[in-house]
Amino acid sequence: MSAAWAVWRKELAIYAATPLAYVLAAVTLSLAGLFFWLGVALTGEASLRVMLSDLAVAQLFIVPMLTMRSVAEERRQGTLELLLTCPVSPGAIVVGKWLAALTLCGIVLAATGVFPVVLAMYGDPDWGVIATSYLGLGCVSAAFCAAGLFASTLTDDHVAAGLLGIVMLLPLWLLAGAERVLPRAWAERLAPLGLVGHLQSFGHGILDTADLAYFAALGCGFLVLATHRLEGRRWR
Amino acid sequence: MAVNPTGRRRLLAGADATLRSVLVVASLVFAAGLATRFRARVDLGFDQTSVLQPDTHHKLAQLAGGPPVRITAFTSQPGRPDAALKDQRLRDLLDEVELAADDVEVRWVDYDRERLTAEQLGVTAYGVVVVQRGEQRVDLHDRALFQREGGPEGALRFTGEPALARALAQLLTDRRRMVYTLVGHGEPAADSPAPDGLAELARLLSTDHIELRSLDLARDRTPGEAPQIPADADAVLVIAPTATIPSTEDDVLAAAVARGVPFLVALDTGTGVPSWLQRAGIRLGDGWIMDAVRVFPYVDRPIPRTRTHPITADLARQALVTVLPRVAPVMAAVPAQDGVMTSTLLSSGDEAWTERGGAAVDGVPVHDPELDGPIGPLAMALAVELGPASGLVTRGDTRVVVLGDADGLRNATLAEGPGNPTFVMNAMRWLLRDEAALSVVRPPAAARRLALTRAQLDTLRAGALAYGPLVALLAAWVARLGRRER
């Protein structure tokens, strides 16, 4: 656990030192502001539903960009071999890097906390719904960070890793429109795999075990695969 | 072929890692599948409007097994105020319906793009929801799905779920049931939207495909003929008459009871009990019930205790409180008369008494043994079953619900207590012998809207768009400062 903690600290320090994290934070917060404004202007509702659901889609592109250099950059610079020879298990490396990316996502999400405050100034928001919406966004971030990290273990080119992460996650988002292009029976079978359907309930204030399990499985699955990739590399 | 030790070790380690990864991923997929199959959904929203009401669930369950229900929803008119909000709310509801029932098929249709579907269904307006089951069909229009409170600029209330519940009830029972409420003696009218009216009650009953109509026995009759309760009456309400009901009309009510028409009688303190009900041994106490335990923040509203009965079973199960502003004790003869079976539905606690205007401390009435009436527990509502032995019914038996307060049914207070709609609806279902429909009913909540002027909206836009880059720049500057100091 202490090894994962050390990796987490090192990764966070790298994020703080590189401009990419600030650029991505600025992009995320700008989009959050835009979606917040659109939600208010379109529905006039004291709710963050529009912002949070659209922000989840935006994260599909932003989070892989954030995690793309996590392992790929270490491979490119040759520091991964050094790290793997340290008394640190591949699992601890993966968890440390994943937690660091998730922490950054959490900080950016916390910065959007100003929007519910604005809602409370001009209306009476349902705080239960806002809490579940943020929980949903947290689940999405966790799953996307894991997917991005796995993509980063597949190549030593970080841009390719970022694109690979997006390509891996994109089908999960596109499944929402599967019924328009696929036969109904197929669309119905694939629907439970879609990301949008599992996000909706969070936006309504509903905590659904199926949604929580979906994101947990998605996140853990990618983390296990990333660990497997690093373990394989250790024996190469 | 010989494998060198390093290669063998790699092969074993790789196979082991692959096997473990496959096992973990397979377990995760299995766990996710299990969680989906045995899913639990908890609504953490304050309004509790995101998941379907138990009443809607109940109706969907009643429809299961028959022909599938097909719901076709058309989009709202683009560009109209609240179009996006309306579509969002409707979509949420239909998503929940689709999740709740396997044999309900929901289709969302863009009215502008899929005109052919609209033409095939004969839909000529935006925002219509068509509910079909076999040959049956119910259309829900925008005005049934959304209502504005307090004029065109008022809060938008989404009434889609009660409207859908009504449509489902129509699919369940072809025949619309008629309930008449007596007027002409100071009673509130069925269609009155005034605070003391019954329009909300009528709307509530309509979700069970029940129509509530006012009935003035003195006026609504054929000239030259004696007044009578219409033959299509499934039940009659007598709610807070302030004047004495003439004996001729009282006889008409007694004749309706004799032929088995069920009654809901809600009386205010000081009003007379219909003579036929008195003959069953039911009377109203003098004064109103006060209790040491009250509905917060009111100083004069007791918390009714639910007693064991099908009408109150859901209230007890869900711990829903019924608010009755000024309830008189309802008393039944002891021992009960022949052919009369009474059950207490709601009662006060042990520390209650019948207030008659005695002593008060800081404006809060306290028990005055000299002036005040009997002490608790006191019955607030009774369910009465009248058999032929009572001499009041000529064939079969009939049911009556007696409530010691009429305010709980009026527009102003019907939705005030979380248990009021459930109590009223279940009382009516019990009277109509529709026990299968007994369930929890909750009133729809208003949309939580922002109160913003145009100038505030513009400020909000500028602030929201500038916020992100400013925060990121600030964070980068702070990080740079920190590095310099190190």
# chains A, B, ... in the order shown; residues from 1 in each chain; ligands from 1
$ interface_residues --of "chain B" --to "chain A" --cutoff "7 Å" --atoms "only C-alpha atoms" --output "number ranges by chain"
B: 10, 14, 17-18, 21, 25, 28-29, 32, 35-36, 39-46, 50, 82, 84-85, 448-452, 461, 464-465, 467-469, 472, 476, 479
$ residues_around --residues "Asp397 in chain B" --least-positions-apart "4" --cutoff "7 Å" --atoms "only C-alpha atoms" --output "ChimeraX atom specification"
/B:260,386-388,393
$ write_last_selection --atoms "C-alpha atoms" --output "short mmCIF file (atom, residue, chain, number, x, y, z; two decimals), in the first residue's frame"
data_model
loop_
_atom_site.label_atom_id
_atom_site.label_comp_id
_atom_site.auth_asym_id
_atom_site.auth_seq_id
_atom_site.Cartn_x
_atom_site.Cartn_y
_atom_site.Cartn_z
CA GLY B 260 -75.87 -1.05 -1.74
CA LEU B 386 -73.56 -2.59 6.88
CA GLY B 387 -75.25 -5.96 6.49
CA PRO B 388 -78.96 -6.78 6.00
CA VAL B 393 -79.61 -2.37 3.42
#
$ residues_around --residues "range 408-423 of chain B" --least-positions-apart "6" --cutoff "7 Å" --atoms "only C-alpha atoms" --output "PyMOL selection string"
chain B and resi 195-201+311-312+315+320-325+440-443
$ residues_around --residues "range 205-217 of chain B" --least-positions-apart "5" --cutoff "7 Å" --atoms "only C-alpha atoms" --output "VMD selection string"
chain B and resid 162 to 163 165 to 166 169 to 170 176 to 184 189 to 190 227 to 228 249 425
$ write_last_selection --atoms "C-alpha atoms" --output "CSV table (one decimal), in the first residue's frame"
chain,number,residue,atom,x,y,z
B,162,PRO,CA,-50.7,10.6,-12.5
B,163,ALA,CA,-51.7,11.0,-16.2
B,165,ALA,CA,-51.5,6.0,-14.1
B,166,ARG,CA,-54.9,7.2,-15.3
B,169,ALA,CA,-56.3,2.4,-15.2
B,170,GLN,CA,-58.3,3.0,-18.3
B,176,ARG,CA,-65.4,4.8,-16.1
B,177,ARG,CA,-66.7,4.7,-12.5
B,178,MET,CA,-68.9,7.5,-11.4
B,179,VAL,CA,-68.7,9.0,-7.9
B,180,TYR,CA,-71.1,11.8,-7.0
B,181,THR,CA,-70.4,14.4,-4.3
B,182,LEU,CA,-73.5,15.9,-2.7
B,183,VAL,CA,-73.9,19.7,-3.0
B,184,GLY,CA,-76.6,22.2,-2.2
B,189,ALA,CA,-68.1,21.4,-5.5
B,190,ALA,CA,-66.3,18.7,-7.4
B,227,PRO,CA,-85.0,13.3,-6.4
B,228,GLN,CA,-82.7,10.2,-6.6
B,249,GLU,CA,-82.9,14.2,0.5
B,425,MET,CA,-57.6,6.9,-2.7
$ residues_around --residues "Val196 in chain A" --least-positions-apart "6" --cutoff "9 Å" --atoms "only C-alpha atoms" --output "MDAnalysis selection string"
chainID A and resid 53 56:57 172:176
$ residues_around --residues "Val167 in chain A" --least-positions-apart "4" --cutoff "12 Å" --atoms "only C-alpha atoms" --output "ChimeraX atom specification"
/A:60-61,64-65,144,147-148,151,160-163,171-174
$ write_last_selection --atoms "N, CA and C atoms" --output "mmCIF file, in the first residue's frame"
data_model
loop_
_atom_site.group_PDB
_atom_site.id
_atom_site.type_symbol
_atom_site.label_atom_id
_atom_site.label_comp_id
_atom_site.auth_asym_id
_atom_site.auth_seq_id
_atom_site.Cartn_x
_atom_site.Cartn_y
_atom_site.Cartn_z
ATOM 1 N N LEU A 60 -14.872 11.516 -21.700
ATOM 2 C CA LEU A 60 -14.485 10.390 -22.549
ATOM 3 C C LEU A 60 -13.280 10.764 -23.424
ATOM 4 N N PHE A 61 -13.201 12.053 -23.784
ATOM 5 C CA PHE A 61 -12.086 12.513 -24.613
ATOM 6 C C PHE A 61 -10.958 13.097 -23.760
ATOM 7 N N PRO A 64 -8.624 10.161 -21.204
ATOM 8 C CA PRO A 64 -7.510 9.428 -21.852
ATOM 9 C C PRO A 64 -6.323 10.334 -22.186
ATOM 10 N N MET A 65 -6.613 11.626 -22.446
ATOM 11 C CA MET A 65 -5.514 12.571 -22.713
ATOM 12 C C MET A 65 -4.704 12.829 -21.440
ATOM 13 N N PHE A 144 -12.953 5.698 -16.544
ATOM 14 C CA PHE A 144 -12.208 6.237 -17.684
ATOM 15 C C PHE A 144 -10.702 6.306 -17.375
ATOM 16 N N ALA A 147 -9.370 2.903 -17.898
ATOM 17 C CA ALA A 147 -9.279 2.576 -19.332
ATOM 18 C C ALA A 147 -8.096 3.307 -19.966
ATOM 19 N N GLY A 148 -7.942 4.589 -19.600
ATOM 20 C CA GLY A 148 -6.832 5.382 -20.150
ATOM 21 C C GLY A 148 -5.484 4.814 -19.736
ATOM 22 N N ALA A 151 -4.768 1.760 -21.750
ATOM 23 C CA ALA A 151 -4.338 2.160 -23.102
ATOM 24 C C ALA A 151 -2.882 2.612 -23.070
ATOM 25 N N ALA A 160 -0.577 8.140 -29.202
ATOM 26 C CA ALA A 160 -1.278 6.917 -29.636
ATOM 27 C C ALA A 160 -2.055 6.313 -28.466
ATOM 28 N N ALA A 161 -1.454 6.385 -27.263
ATOM 29 C CA ALA A 161 -2.127 5.846 -26.072
ATOM 30 C C ALA A 161 -3.414 6.615 -25.799
ATOM 31 N N GLY A 162 -3.330 7.934 -25.939
ATOM 32 C CA GLY A 162 -4.526 8.764 -25.721
ATOM 33 C C GLY A 162 -5.624 8.418 -26.705
ATOM 34 N N LEU A 163 -5.241 8.313 -27.986
ATOM 35 C CA LEU A 163 -6.230 7.995 -29.030
ATOM 36 C C LEU A 163 -6.809 6.595 -28.812
ATOM 37 N N PRO A 171 -17.013 3.246 -28.227
ATOM 38 C CA PRO A 171 -18.150 2.339 -28.484
ATOM 39 C C PRO A 171 -19.137 2.292 -27.318
ATOM 40 N N LEU A 172 -18.621 2.438 -26.099
ATOM 41 C CA LEU A 172 -19.521 2.390 -24.935
ATOM 42 C C LEU A 172 -20.503 3.558 -24.968
ATOM 43 N N TRP A 173 -20.041 4.680 -25.489
ATOM 44 C CA TRP A 173 -20.914 5.849 -25.594
ATOM 45 C C TRP A 173 -21.858 5.697 -26.795
ATOM 46 N N LEU A 174 -21.290 5.191 -27.912
ATOM 47 C CA LEU A 174 -22.095 5.087 -29.141
ATOM 48 C C LEU A 174 -23.211 4.050 -29.020
#
$ select_by_dssp --residues "range 91-255 of chain B" --states "alpha helix (DSSP H)" --output "PyMOL selection string"
chain B and resi 91-100+115-121+142-145+160-172+199-206+247-255
$ atom_distance --atom1 "CA of Arg429 in chain B" --atom2 "CA of Asp55 in chain B"
12.2 Å
$ select_by_dssp --residues "range 297-369 of chain B" --states "strand (DSSP E)" --output "PyMOL selection string"
chain B and resi 305-306+330-332+340-347+353-355+360-361+364-365
$ atom_distance --atom1 "CA of Ser247 in chain B" --atom2 "CA of Ser275 in chain B"
8.7 Å
$ atom_distance --atom1 "CA of His58 in chain B" --atom2 "CA of Val424 in chain B"
17.0 Å
